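S.K.: Below is the file upload-v4.cif, with mmCIF, C-alpha atoms.
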data_input
loop_
_atom_site.label_atom_id
_atom_site.label_comp_id
_atom_site.auth_asym_id
_atom_site.auth_seq_id
_atom_site.Cartn_x
_atom_site.Cartn_y
_atom_site.Cartn_z
CA MET A 216 7.06 -3.80 -12.05
CA GLN A 217 9.91 -2.95 -14.35
CA HIS A 218 12.56 -5.48 -15.34
CA ARG A 219 16.05 -4.05 -14.91
CA LYS A 220 18.71 -4.31 -17.54
CA ARG A 221 21.77 -6.13 -16.30
CA ASN A 222 24.52 -3.60 -15.82
CA LYS A 223 27.57 -3.49 -13.58
CA SER A 224 27.44 0.24 -12.97
CA LEU A 225 23.90 1.55 -12.66
CA GLY A 226 23.86 5.23 -11.82
CA LEU A 227 21.15 7.45 -10.35
CA ALA A 228 19.37 8.11 -13.66
CA GLU A 229 19.10 4.39 -14.42
CA LEU A 230 17.87 3.59 -10.92
CA ILE A 231 15.17 6.26 -11.10
CA ALA A 232 14.08 4.80 -14.45
CA ILE A 233 13.86 1.32 -12.90
CA ALA A 234 11.60 2.48 -10.07
CA LEU A 235 9.51 4.80 -12.24
CA GLY A 236 9.02 2.10 -14.84
CA GLY A 237 7.75 -0.20 -12.11
CA MET A 238 5.34 2.32 -10.60
CA VAL A 239 3.79 3.80 -13.73
CA GLY A 240 2.12 0.63 -14.90
CA GLY A 241 -1.59 -0.02 -15.21
CA GLY A 242 -2.59 1.26 -11.79
CA ILE A 243 -3.30 4.89 -12.67
CA PHE A 244 -5.55 3.93 -15.57
CA THR A 245 -7.72 1.65 -13.47
CA ILE A 246 -7.77 3.86 -10.38
CA LEU A 247 -8.77 7.05 -12.23
CA GLY A 248 -12.36 6.07 -12.99
CA ILE A 249 -12.90 4.40 -9.62
CA SER A 250 -11.56 7.47 -7.80
CA VAL A 251 -13.73 9.93 -9.72
CA ALA A 252 -16.77 7.76 -8.99
CA MET A 253 -16.06 8.11 -5.25
CA ILE A 254 -14.72 11.67 -4.81
CA GLY A 255 -14.99 13.41 -8.19
CA ASN A 256 -12.66 16.36 -8.71
CA LEU A 257 -10.89 15.68 -5.42
CA THR A 258 -8.99 12.84 -7.13
CA PRO A 259 -5.72 14.88 -7.45
CA ILE A 260 -5.73 15.44 -3.68
CA ALA A 261 -6.11 11.69 -3.07
CA ILE A 262 -3.21 11.05 -5.47
CA ILE A 263 -0.97 13.39 -3.47
CA ILE A 264 -1.95 11.78 -0.15
CA GLY A 265 -1.36 8.34 -1.70
CA GLY A 266 2.12 9.55 -2.67
CA LEU A 267 2.76 10.65 0.92
CA ILE A 268 1.72 7.21 2.18
CA ALA A 269 4.08 5.65 -0.36
CA THR A 270 6.88 7.92 0.84
CA LEU A 271 6.30 6.77 4.43
CA ALA A 272 6.46 3.17 3.22
CA ALA A 273 9.62 3.92 1.24
CA TYR A 274 11.36 5.34 4.32
CA SER A 275 11.71 1.90 5.93
CA TYR A 276 12.69 0.26 2.64
CA VAL A 277 15.44 2.85 2.18
CA LYS A 278 16.80 2.41 5.69
CA LEU A 279 16.68 -1.39 5.57
CA GLY A 280 18.14 -1.43 2.05
CA VAL A 281 21.14 0.69 3.00
CA TYR A 282 21.69 -1.35 6.19
CA TYR A 283 21.35 -4.90 4.83
CA LYS A 284 22.51 -4.27 1.24
CA ASP A 285 20.58 -7.37 0.19
CA GLU A 286 18.95 -7.51 -3.24
CA GLY A 287 16.27 -9.85 -1.81
CA ALA A 288 14.55 -6.68 -0.50
CA THR A 289 11.26 -7.28 1.34
CA TYR A 290 11.62 -11.02 1.96
CA SER A 291 15.31 -10.88 2.91
CA PHE A 292 14.87 -7.83 5.16
CA TYR A 293 12.17 -9.49 7.22
CA LYS A 294 13.94 -12.87 7.34
CA ARG A 295 17.18 -11.25 8.52
CA THR A 296 15.41 -9.07 11.10
CA TYR A 297 13.42 -11.94 12.62
CA LEU A 298 16.02 -14.70 12.54
CA ASN A 299 14.20 -17.26 14.68
CA SER A 300 10.72 -17.08 13.17
CA ASP A 301 10.17 -19.45 10.27
CA PHE A 302 6.48 -18.58 10.12
CA SER A 303 7.20 -14.84 9.81
CA ALA A 304 9.67 -15.46 6.98
CA SER A 305 7.23 -17.78 5.25
CA ALA A 306 4.30 -15.38 5.71
CA ILE A 307 6.16 -12.37 4.34
CA GLY A 308 7.25 -14.46 1.37
CA TRP A 309 3.72 -15.61 0.64
CA PHE A 310 2.23 -12.13 1.08
CA ILE A 311 4.75 -10.33 -1.13
CA ILE A 312 4.51 -12.94 -3.90
CA PHE A 313 0.72 -12.87 -3.92
CA GLY A 314 0.85 -9.09 -3.86
CA TYR A 315 2.88 -9.28 -7.05
CA ILE A 316 0.39 -11.77 -8.47
CA SER A 317 -2.43 -9.29 -7.83
CA THR A 318 -0.55 -6.46 -9.56
CA LEU A 319 0.23 -8.80 -12.46
CA ALA A 320 -3.49 -9.51 -12.77
CA LEU A 321 -4.27 -5.78 -12.48
CA TYR A 322 -1.83 -4.80 -15.22
CA ALA A 323 -3.08 -7.56 -17.54
CA TYR A 324 -6.69 -6.54 -16.89
CA THR A 325 -5.80 -2.93 -17.67
CA PHE A 326 -4.14 -4.01 -20.93
CA SER A 327 -7.25 -5.92 -22.02
CA SER A 328 -9.67 -3.15 -21.00
CA TYR A 329 -7.87 -0.56 -23.11
CA ALA A 330 -6.98 -2.89 -25.96
CA ILE A 331 -10.66 -3.57 -26.71
CA SER A 332 -12.04 -0.21 -25.52
CA SER A 333 -12.84 0.98 -29.06
CA THR A 334 -14.34 -2.33 -30.21
CA ALA A 335 -17.74 -3.96 -29.90
CA PHE A 336 -16.37 -6.09 -27.04
CA ALA A 337 -15.53 -3.09 -24.84
CA ASP A 338 -18.14 -3.97 -22.20
CA ASN A 339 -17.79 -7.76 -22.45
CA ILE A 340 -16.21 -8.81 -19.17
CA TRP A 341 -15.30 -12.30 -20.38
CA ALA A 342 -13.57 -10.87 -23.45
CA ARG A 343 -11.48 -8.73 -21.08
CA LYS A 344 -10.64 -11.70 -18.88
CA ALA A 345 -9.68 -13.87 -21.87
CA ILE A 346 -7.35 -11.21 -23.31
CA ALA A 347 -5.85 -10.53 -19.86
CA ILE A 348 -5.02 -14.22 -19.44
CA GLY A 349 -3.60 -14.27 -22.97
CA VAL A 350 -1.33 -11.30 -22.19
CA ILE A 351 -0.06 -13.01 -19.04
CA GLY A 352 0.66 -16.14 -21.07
CA LEU A 353 2.40 -14.18 -23.84
CA PHE A 354 4.81 -12.34 -21.56
CA SER A 355 5.43 -15.49 -19.54
CA LEU A 356 6.59 -17.18 -22.74
CA ILE A 357 8.74 -14.18 -23.67
CA ASN A 358 10.39 -14.12 -20.22
CA THR A 359 11.04 -17.85 -20.48
CA TRP A 360 12.40 -17.61 -24.01
CA SER A 361 14.55 -14.46 -24.07
CA VAL A 362 15.06 -12.28 -21.02
CA ASN A 363 17.81 -10.18 -22.60
CA GLY A 364 15.79 -9.44 -25.73
CA MET A 365 12.74 -8.51 -23.68
CA GLY A 366 14.85 -6.20 -21.53
CA LYS A 367 15.77 -4.06 -24.54
CA ILE A 368 12.16 -3.92 -25.75
CA GLU A 369 11.00 -3.04 -22.26
CA ASP A 370 13.41 -0.11 -21.86
CA LEU A 371 11.93 1.36 -25.04
CA MET A 372 8.38 0.79 -23.76
CA VAL A 373 9.08 2.53 -20.45
CA TYR A 374 10.41 5.76 -21.91
CA THR A 375 7.85 5.81 -24.74
CA LYS A 376 4.92 5.32 -22.38
CA LEU A 377 6.00 8.26 -20.18
CA ILE A 378 6.26 10.57 -23.18
CA VAL A 379 2.88 9.45 -24.58
CA LEU A 380 1.11 9.84 -21.22
CA VAL A 381 2.43 13.35 -20.60
CA ILE A 382 1.63 14.50 -24.16
CA ILE A 383 -1.95 13.22 -24.16
CA SER A 384 -2.64 14.67 -20.69
CA VAL A 385 -1.32 18.13 -21.61
CA VAL A 386 -3.30 18.10 -24.87
CA LEU A 387 -6.46 17.13 -22.99
CA MET A 388 -6.01 20.02 -20.55
CA GLN A 389 -5.50 22.47 -23.40
CA ASN A 390 -8.58 21.23 -25.27
CA GLY A 391 -10.82 20.70 -22.27
CA THR A 392 -14.11 22.51 -21.77
CA THR A 393 -13.45 23.08 -18.05
CA ASP A 394 -11.43 26.12 -17.01
CA PHE A 395 -9.43 26.42 -13.79
CA SER A 396 -12.01 28.43 -11.83
CA THR A 397 -14.77 25.97 -12.74
CA PHE A 398 -12.54 23.09 -11.69
CA ILE A 399 -11.93 24.70 -8.28
CA ASP A 400 -15.69 25.26 -7.85
CA ASN A 401 -16.32 21.61 -8.68
CA MET A 402 -13.71 20.59 -6.12
CA ALA A 403 -15.51 22.63 -3.46
CA LEU A 404 -18.82 20.95 -4.30
CA ASP A 405 -17.26 17.49 -4.24
CA ALA A 406 -15.64 18.28 -0.87
CA GLN A 407 -19.08 18.91 0.61
CA ASN A 408 -20.39 15.59 -0.69
CA ALA A 409 -17.38 13.33 -0.25
CA GLY A 410 -15.66 14.40 2.97
CA VAL A 411 -12.19 13.69 4.34
CA PHE A 412 -12.93 10.03 5.08
CA SER A 413 -13.71 9.21 1.45
CA ILE A 414 -10.57 11.04 0.25
CA LEU A 415 -8.43 8.98 2.62
CA ILE A 416 -10.05 5.74 1.44
CA VAL A 417 -9.27 6.60 -2.20
CA ALA A 418 -5.73 7.66 -1.22
CA SER A 419 -5.24 4.22 0.34
CA LEU A 420 -6.56 2.53 -2.79
CA THR A 421 -4.06 4.48 -4.92
CA PHE A 422 -1.18 2.94 -2.96
CA VAL A 423 -0.94 0.06 -5.45
CA SER A 424 -0.05 2.65 -8.15
CA TYR A 425 3.16 3.44 -6.24
CA GLU A 426 4.17 -0.19 -5.75
CA GLY A 427 7.41 -0.86 -7.58
CA PHE A 428 9.86 1.57 -5.97
CA GLN A 429 11.52 -1.34 -4.13
CA LEU A 430 12.81 -2.61 -7.48
CA VAL A 431 15.75 -0.24 -6.95
CA ILE A 432 16.90 -2.48 -4.09
CA HIS A 433 16.81 -5.55 -6.35
CA ALA A 434 19.56 -3.80 -8.36
CA MET A 435 21.81 -3.59 -5.28
CA ASP A 436 24.64 -5.65 -6.78
CA GLU A 437 24.83 -3.50 -9.91
CA MET A 438 24.45 0.03 -8.59
CA LYS A 439 26.99 2.71 -7.82
CA ASN A 440 27.15 4.12 -4.29
CA PRO A 441 24.03 2.43 -2.79
CA GLU A 442 24.16 4.49 0.41
CA LYS A 443 23.42 7.66 -1.55
CA ASN A 444 21.64 6.35 -4.63
CA ILE A 445 19.01 4.14 -2.96
CA PRO A 446 17.30 7.04 -1.13
CA ARG A 447 17.81 9.48 -4.01
CA ALA A 448 16.39 7.09 -6.60
CA ILE A 449 13.39 5.95 -4.57
CA TYR A 450 12.28 9.36 -3.33
CA SER A 451 12.86 10.99 -6.73
CA ALA A 452 10.86 8.26 -8.49
CA ILE A 453 7.91 8.61 -6.10
CA PHE A 454 7.93 12.39 -6.57
CA LEU A 455 7.98 12.05 -10.37
CA ALA A 456 5.23 9.40 -10.24
CA VAL A 457 3.02 11.79 -8.24
CA LEU A 458 3.61 14.51 -10.85
CA ILE A 459 2.78 12.17 -13.74
CA TYR A 460 -0.37 10.91 -12.03
CA LEU A 461 -1.44 14.49 -11.29
CA VAL A 462 -0.98 15.51 -14.94
CA ILE A 463 -2.98 12.49 -16.12
CA SER A 464 -5.82 13.07 -13.62
CA LEU A 465 -6.01 16.80 -14.34
CA GLY A 466 -6.03 16.15 -18.08
CA ALA A 467 -8.95 13.77 -17.64
CA LEU A 468 -10.91 16.02 -15.26
CA PHE A 469 -10.46 19.15 -17.39
CA ALA A 470 -11.52 17.46 -20.62
CA ILE A 471 -13.84 14.57 -19.73
CA SER A 472 -17.15 14.81 -17.91
CA THR A 473 -17.45 13.16 -14.53
CA GLU A 474 -20.34 11.07 -15.85
CA ASP A 475 -18.20 9.66 -18.67
CA LEU A 476 -15.26 8.97 -16.36
CA ILE A 477 -17.55 7.00 -14.05
CA LYS A 478 -19.48 5.20 -16.81
CA ASP A 479 -16.37 4.09 -18.68
CA LYS A 480 -14.18 3.79 -15.58
CA GLU A 481 -12.23 0.76 -16.80
CA TYR A 482 -11.09 2.61 -19.94
CA ALA A 483 -12.16 6.15 -19.07
CA LEU A 484 -9.14 8.02 -20.45
CA ALA A 485 -9.40 6.46 -23.90
CA SER A 486 -13.14 7.04 -24.08
CA GLY A 487 -12.85 10.69 -23.08
CA ALA A 488 -9.89 11.39 -25.34
CA GLY A 489 -11.87 10.02 -28.27
CA LYS A 490 -14.73 12.43 -27.64
CA ILE A 491 -12.37 15.41 -27.38
CA LEU A 492 -9.67 14.58 -29.93
CA GLY A 493 -11.27 11.91 -32.10
CA ASN A 494 -9.59 8.67 -33.14
CA THR A 495 -6.09 10.14 -32.76
CA GLY A 496 -6.67 10.88 -29.07
CA THR A 497 -8.20 7.47 -28.44
CA ASN A 498 -5.36 5.67 -30.15
CA LEU A 499 -2.71 7.66 -28.28
CA VAL A 500 -4.25 6.82 -24.91
CA ILE A 501 -4.68 3.17 -25.85
CA LEU A 502 -1.02 3.10 -26.94
CA GLY A 503 0.10 4.64 -23.66
CA ALA A 504 -2.01 2.22 -21.59
CA ILE A 505 -0.84 -0.82 -23.54
CA LEU A 506 2.82 0.21 -23.28
CA ALA A 507 2.47 0.93 -19.58
CA SER A 508 0.69 -2.30 -18.73
CA SER A 509 2.87 -4.43 -21.04
CA SER A 510 6.14 -3.29 -19.47
CA ALA A 511 4.62 -3.73 -16.01
CA VAL A 512 3.36 -7.26 -16.78
CA SER A 513 6.75 -8.35 -18.12
CA GLY A 514 8.71 -6.75 -15.29
CA THR A 515 6.44 -8.22 -12.62
CA ILE A 516 6.87 -11.70 -14.07
CA PHE A 517 10.64 -11.22 -14.25
CA GLY A 518 11.16 -9.94 -10.71
CA ALA A 519 8.49 -11.95 -8.87
CA SER A 520 9.48 -15.25 -10.49
CA ARG A 521 13.06 -14.92 -9.31
CA LEU A 522 11.99 -13.96 -5.80
CA MET A 523 9.51 -16.85 -5.77
CA SER A 524 12.29 -19.23 -6.79
CA VAL A 525 14.49 -17.99 -3.91
CA ILE A 526 11.66 -18.42 -1.38
CA ALA A 527 10.99 -21.93 -2.70
CA LYS A 528 14.69 -22.75 -2.36
CA ASP A 529 14.44 -21.72 1.30
CA GLY A 530 11.62 -24.26 1.68
CA TYR A 531 8.59 -21.96 1.94
CA PHE A 532 7.08 -22.86 -1.45
CA PRO A 533 6.97 -26.25 -3.22
CA LYS A 534 10.50 -27.32 -4.14
CA PHE A 535 9.77 -27.68 -7.87
CA ILE A 536 9.25 -23.89 -8.07
CA SER A 537 12.93 -23.35 -7.21
CA ILE A 538 14.19 -25.36 -10.19
CA ARG A 539 15.88 -23.25 -12.85
CA LYS A 540 16.78 -24.04 -16.45
CA ASN A 541 19.57 -21.98 -18.02
CA ASN A 542 19.31 -19.74 -14.94
CA SER A 543 15.65 -19.02 -15.80
CA PRO A 544 13.05 -19.88 -13.09
CA GLN A 545 10.65 -21.37 -15.61
CA ASN A 546 8.57 -23.27 -13.06
CA ALA A 547 8.12 -20.09 -11.02
CA ILE A 548 7.09 -18.17 -14.14
CA ILE A 549 4.47 -20.80 -15.03
CA THR A 550 3.18 -20.87 -11.44
CA LEU A 551 2.85 -17.07 -11.34
CA ALA A 552 1.03 -17.04 -14.67
CA CYS A 553 -1.46 -19.69 -13.54
CA LEU A 554 -2.19 -17.98 -10.21
CA ALA A 555 -2.58 -14.53 -11.80
CA SER A 556 -4.92 -15.98 -14.42
CA PHE A 557 -6.99 -17.58 -11.65
CA LEU A 558 -7.25 -14.19 -9.90
CA VAL A 559 -8.40 -12.57 -13.16
CA ILE A 560 -11.15 -15.21 -13.47
CA LEU A 561 -12.10 -14.95 -9.79
CA GLY A 562 -12.75 -11.21 -9.62
CA GLY A 563 -13.14 -7.99 -11.51
CA LEU A 564 -11.04 -4.87 -11.60
CA GLU A 565 -11.96 -3.50 -8.17
CA LEU A 566 -11.40 -6.82 -6.37
CA ILE A 567 -7.93 -7.15 -7.90
CA LEU A 568 -7.11 -3.50 -7.17
CA GLU A 569 -8.24 -3.63 -3.55
CA PHE A 570 -6.56 -6.98 -2.84
CA GLY A 571 -3.31 -5.55 -4.24
CA SER A 572 -3.59 -2.33 -2.25
CA ILE A 573 -4.34 -4.13 1.02
CA THR A 574 -1.51 -6.61 0.44
CA PHE A 575 1.16 -4.01 -0.27
CA LEU A 576 -0.03 -1.83 2.59
CA LEU A 577 0.27 -4.87 4.87
CA VAL A 578 3.72 -5.83 3.57
CA SER A 579 4.93 -2.22 3.85
CA LEU A 580 3.54 -2.08 7.39
CA LEU A 581 5.55 -5.19 8.27
CA MET A 582 8.66 -3.53 6.80
CA ALA A 583 8.03 -0.44 8.95
CA ILE A 584 7.65 -2.63 12.05
CA ALA A 585 10.88 -4.48 11.18
CA ASN A 586 12.67 -1.17 10.76
CA PHE A 587 11.33 0.03 14.11
CA LYS A 588 12.74 -3.10 15.75
CA ILE A 589 16.29 -2.31 14.58
CA ARG A 590 15.92 1.47 14.22
CA ASP A 591 19.17 2.08 16.14
CA LYS A 592 21.09 -0.10 13.67
CA THR A 593 19.46 1.48 10.59
CA ASN A 594 19.88 4.97 12.07
CA SER A 595 16.15 5.63 11.59
CA SER A 596 14.08 8.40 13.11
CA THR A 597 11.75 6.98 15.76
CA PHE A 598 9.15 9.62 14.92
CA LEU A 599 9.14 8.93 11.17
CA THR A 600 9.12 5.16 11.69
CA ILE A 601 6.15 5.35 14.07
CA LEU A 602 4.42 7.77 11.68
CA ALA A 603 4.92 5.26 8.86
CA ILE A 604 3.46 2.45 10.98
CA ILE A 605 0.43 4.57 11.88
CA GLY A 606 -0.10 5.83 8.30
CA LEU A 607 0.12 2.37 6.74
CA ALA A 608 -2.07 0.81 9.44
CA VAL A 609 -4.73 3.50 8.97
CA GLY A 610 -4.58 3.05 5.19
CA GLY A 611 -5.15 -0.68 5.53
CA PHE A 612 -8.00 -0.14 7.99
CA LEU A 613 -9.73 2.35 5.67
CA ILE A 614 -9.74 -0.07 2.74
CA LEU A 615 -11.10 -2.83 4.99
CA TYR A 616 -13.78 -0.48 6.35
CA TYR A 617 -14.79 0.54 2.83
CA GLU A 618 -15.05 -3.10 1.78
CA PHE A 619 -17.07 -4.16 4.83
CA THR A 620 -19.55 -1.27 4.54
CA ASN A 621 -19.95 -1.21 0.75
CA LYS A 622 -19.01 -4.61 -0.69
CA TRP A 623 -19.00 -7.16 2.09
CA GLU A 624 -19.26 -10.07 -0.36
CA GLN A 625 -16.03 -8.91 -2.03
CA MET A 626 -14.41 -8.49 1.38
CA ILE A 627 -15.26 -12.09 2.24
CA ILE A 628 -13.41 -13.24 -0.90
CA ILE A 629 -10.36 -11.16 0.10
CA LEU A 630 -10.44 -12.51 3.66
CA VAL A 631 -10.68 -16.09 2.37
CA LEU A 632 -7.63 -15.43 0.17
CA TYR A 633 -5.69 -14.15 3.19
CA ILE A 634 -6.71 -17.12 5.32
CA LEU A 635 -5.54 -19.48 2.58
CA LEU A 636 -2.22 -17.58 2.34
CA ALA A 637 -1.71 -17.76 6.11
CA ILE A 638 -2.48 -21.50 6.14
CA GLY A 639 -0.07 -22.10 3.25
CA ALA A 640 2.68 -20.09 4.93
CA TRP A 641 2.16 -21.93 8.23
CA ALA A 642 2.15 -25.37 6.56
CA PHE A 643 5.42 -24.79 4.71
CA SER A 644 7.14 -23.23 7.72
CA LYS A 645 6.07 -26.22 9.81
CA ARG A 646 7.33 -28.64 7.15
CA LYS A 647 10.70 -26.88 7.04
CA ILE A 648 11.05 -27.04 10.83
CA ASN A 649 10.21 -30.76 10.81
CA LYS A 650 12.82 -31.43 8.08
CA GLU A 651 15.50 -29.52 9.99
CA THR A 652 14.60 -31.37 13.21
CA SER A 653 14.81 -34.73 11.43
CA LYS A 654 18.28 -33.91 10.10
CA LEU A 655 19.50 -32.98 13.60
CA CYS A 656 18.16 -36.24 15.05
CA LYS A 657 20.00 -38.39 12.51
#
Turn the structure described in the file into C-alpha cells.

M.R.:
Amino acid sequence: MQHRKRNKSLGLAELIAIALGGMVGGGIFTILGISVAMIGNLTPIAIIIGGLIATLAAYSYVKLGVYYKDEGATYSFYKRTYLNSDFSASAIGWFIIFGYISTLALYAYTFSSYAISSTAFADNIWARKAIAIGVIGLFSLINTWSVNGMGKIEDLMVYTKLIVLVIISVVLMQNGTTDFSTFIDNMALDAQNAGVFSILIVASLTFVSYEGFQLVIHAMDEMKNPEKNIPRAIYSAIFLAVLIYLVISLGALFAISTEDLIKDKEYALASGAGKILGNTGTNLVILGAILASSSAVSGTIFGASRLMSVIAKDGYFPKFISIRKNNSPQNAIITLACLASFLVILGGLELILEFGSITFLLVSLLMAIANFKIRDKTNSSTFLTILAIIGLAVGGFLILYYEFTNKWEQMIIILVLYILLAIGAWAFSKRKINKETSKLCK
C-alpha cells in the first residue's frame, strides 16, 4: 500500500498515483513464478481476468465511497451500513487489518527474496525470513520516527519503480529468444494442459496484486471533486496496473524459459534477466523489486496502523493500540510489525500470498454485499452488484478448492487463522456490548 502525501487539493493525477503505488508492490514479482508453474504462457490471460475481478470489487468501493464520503473506507462503510451489528463491525475490522498484515508480510518477503537473489543465500529460506523481518522493523521505525520525511522518499520510490519495471520488461521482450508466433503456439499447448479451471484459480490468486486501490478513499478529505475523481482514479489505476503487469509477464515469458521461471519462482525475474542481460539486467530487476516492495511495506504500515488505531478506539482491538504519541499510532505500528513478522515465520511465500488473496476477496465480497443492501441509496446497478458478489464468491471458492485439493495442510493453517480472527472479533464485540450495557445500568 502506498502512503499518501498530505495535501489539501489532491487532483486526479495524484489520486491515480496513490492507488497505483499501492497496487504495484511486491505481488506481481511473487505471483509471476507461481502462475507460470501452474498455467505457463497463459499467465497474461489470468492477469487480465484478475484485473476484471478487481474491477468488480472496485465497483462497490466506488459507490460506497461516493455515498458515505468517509475516509475510513472498508471498516467505516460496513459499520455504517450495518448499524446494529457489533460483531459485523468487529469482524470486518479484524479481517481487513489482518489482510493488510498478510500483504505487509508478502511485500517484506518479496524484498528479501530479491535482495539476496544474487548471493549465496538465495535459496536459504531462513535468511529470507530474517531479512523480511528486518525490513518490517526498519520501516516501522521510519514510520514512527518521521512520517513526512518518509513520504517524500516514498513518492520518489513509486515513480522510479514504475519506470524501472517498464524499461526492464521492454528490454527483455526485445532481447528474448521467443518470437510472437512461438509464444502463441506455447499458449495453445498450455491451454490443452491447464484448462479454464486452472486459469481462474490463478486469476483469483492474482487478486492480491490489485489490493491497494481503496487507498484513494483514504484521501477523501484532501481530494478535489470526490464524486468524479474517486471512480476515475480507481478505475484508471486498475487499468494501468493490468497493463504494467502484462508488460512484466510478457517480458519474462519472451525472454526466460518456463523451467527457469518455475525453478527460481521467488526471484524469477532477476534470475532470468541475469541470464539474458548479465549483471546489469539482474541489478535493474532487483532495484525495481526492492523499490516496489519497500514503498509498499512503508505505505501498508502507514495506512493500516492508523486504521488499526481507529478500530481499537471503537473498542474492537485492545485499547493500548489506540494510543497515539505526537499523532503517530506507535503502538499500532509495533503491533502490526510483530504480527507480520510472526506470519513470515509461520509460512512461506505461497501461504502468505494465498491468505492475503482469500482475505481481500472475502472483504471485497462483504463490501459488495453491503453495497447491494443499500444499492438504491448508492445508485448502484443491481446487475453489476450481483455480478460482483458472484465473481468474488467464485474467486474465493476457487482458492479454497485449490488449497484443499493440493495443499490441505496449508489450508488447515489458513482455516485456523480465520477461526482465531473470528473468535477475537466476537470476544471484543461482546466486551464492547457488556461495557455499554454496564454504563446504561449505572

S.K.: Counting all atoms listed in the file, which of A:Met253, A:Leu415, A:Ile383, A:Leu551 gets nearest to A:Gly352?

M.R.: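 Nearest to A:Gly352: A:Leu551.
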
S.K.: Distance atom CA of A:Ile357-atom CA of A:Ala555, one decimal place?

M.R.: 16.4 Å

S.K.: Quick one, how far is atom CA of A:Gly496 from atom CA of A:Val251?

M.R.: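 It comes out at 20.6 Å.
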
S.K.: Applied to this file, what does the PyMOL selection byres ((chain A and resi 380) around 9) return in terms of residues, put as number ranges by chain?

M.R.: A: 375-379, 381-385, 459, 462-463, 499-500, 503-504

S.K.: Next, dump the selected residues to file, keeping only C-alpha atoms, as an mmCIF file, keeping the file's coordinate frame.

M.R.:
data_model
loop_
_atom_site.group_PDB
_atom_site.id
_atom_site.type_symbol
_atom_site.label_atom_id
_atom_site.label_comp_id
_atom_site.auth_asym_id
_atom_site.auth_seq_id
_atom_site.Cartn_x
_atom_site.Cartn_y
_atom_site.Cartn_z
ATOM 1 C CA THR A 375 7.850 5.810 -24.740
ATOM 2 C CA LYS A 376 4.920 5.320 -22.380
ATOM 3 C CA LEU A 377 6.000 8.260 -20.180
ATOM 4 C CA ILE A 378 6.260 10.570 -23.180
ATOM 5 C CA VAL A 379 2.880 9.450 -24.580
ATOM 6 C CA VAL A 381 2.430 13.350 -20.600
ATOM 7 C CA ILE A 382 1.630 14.500 -24.160
ATOM 8 C CA ILE A 383 -1.950 13.220 -24.160
ATOM 9 C CA SER A 384 -2.640 14.670 -20.690
ATOM 10 C CA VAL A 385 -1.320 18.130 -21.610
ATOM 11 C CA ILE A 459 2.780 12.170 -13.740
ATOM 12 C CA VAL A 462 -0.980 15.510 -14.940
ATOM 13 C CA ILE A 463 -2.980 12.490 -16.120
ATOM 14 C CA LEU A 499 -2.710 7.660 -28.280
ATOM 15 C CA VAL A 500 -4.250 6.820 -24.910
ATOM 16 C CA GLY A 503 0.100 4.640 -23.660
ATOM 17 C CA ALA A 504 -2.010 2.220 -21.590
#

S.K.: Please measure the separation of atom CA of A:Ser596 and atom CA of A:Val277, giving the value in Å to one decimal.

M.R.: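 According to the coordinates, atom CA of A:Ser596 and atom CA of A:Val277 are separated by 12.3 Å.
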
S.K.: Do a neighbour search on A:Arg521 at 7 Å with only C-alpha atoms, toss out local chain neighbours closer than 4 positions, and write the hits as a PDB file with C-alpha atoms, in the frame of the given file.

M.R.:
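Wrote it out as part.pdb, contents follow:
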ATOM      1  CA  PHE A 517      10.640 -11.220 -14.250  1.00  0.00           C
ATOM      2  CA  VAL A 525      14.490 -17.990  -3.910  1.00  0.00           C
ATOM      3  CA  PRO A 544      13.050 -19.880 -13.090  1.00  0.00           C
TER       4      PRO A 544
END

S.K.: Restricting the calculation to only C-alpha atoms, which member of A:Lys622, A:Lys278, A:Arg646, A:Lys654 is positioned closest to A:Glu569?

M.R.: A:Lys622

S.K.: Considering all atoms listed in the file, return as a PyMOL selection string whatever protein or nucleic-acid residues lie within 10 Å of A:Tyr290, sequence-local ones (same chain, fewer than 5 positions apart) excluded.

M.R.: chain A and resi 285+295+303-312+522-523+525-526+578+582

S.K.: Between A:Ile231, A:Asn541, A:Gly530, A:Gly287, single out the one closest to A:Ala642, counting only C-alpha atoms.

M.R.: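 Of all the options, A:Gly530 lies closest to A:Ala642.
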
S.K.: Would you please work out which residue, of A:Asn408, A:Asn390, A:Ser537, A:Asn444, is nearest to A:Leu492 when using all atoms listed in the file?

M.R.: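 The answer is A:Asn390, which sits nearest to A:Leu492.
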
S.K.: Given all atoms listed in the file as the basis, pick out the residue of A:Ser451, A:Thr397, A:Thr270, A:Ser250 nearest to A:Leu227.

M.R.: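 That would be A:Ser451, the residue with the smallest distance to A:Leu227.
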
S.K.: In file coordinates, which residues lie within 10 Å of (-4.2, 11.4, -1.3) using only C-alpha atoms, given as a PyMOL selection string?

M.R.: chain A and resi 257-268+414-422

S.K.: Taking every listed atom of stretch 474-478 of chain A and adding 8 Å to each side, what centre and edge lengths in Å (one decimal) does the axis-aligned box have, as AutoDock Vina command-line options?

M.R.:
--center_x -17.8 --center_y 8.1 --center_z -16.4 --size_x 21.1 --size_y 21.9 --size_z 20.6

S.K.: Compare A:Ala337, A:Ala519, A:Leu430, A:Val411 by their minimum atom-to-atom distance to A:Ala552, counting all atoms listed in the file, and give me the closest one.

M.R.: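 Going through A:Ala337, A:Ala519, A:Leu430, A:Val411 one by one, the smallest distance to A:Ala552 is for A:Ala519.
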
S.K.: Which residues fall under the PyMOL selection byres ((chain A and resi 399) around 12) in this file, as a ChimeraX atom specification?

M.R.: /A:255-257,259,393-398,400-406,465,468-469

S.K.: Applying the PyMOL selection byres ((chain A and resi 575) around 8) to the file I just gave you, which residues come out? Please list them as a CSV table (one decimal) with C-alpha atoms, in the coordinates of the input.

M.R.:
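selection-v8.csv, freshly written:
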chain,number,residue,atom,x,y,z
A,311,ILE,CA,4.8,-10.3,-1.1
A,314,GLY,CA,0.8,-9.1,-3.9
A,422,PHE,CA,-1.2,2.9,-3.0
A,423,VAL,CA,-0.9,0.1,-5.4
A,426,GLU,CA,4.2,-0.2,-5.8
A,571,GLY,CA,-3.3,-5.6,-4.2
A,572,SER,CA,-3.6,-2.3,-2.2
A,573,ILE,CA,-4.3,-4.1,1.0
A,574,THR,CA,-1.5,-6.6,0.4
A,576,LEU,CA,0.0,-1.8,2.6
A,577,LEU,CA,0.3,-4.9,4.9
A,578,VAL,CA,3.7,-5.8,3.6
A,579,SER,CA,4.9,-2.2,3.8
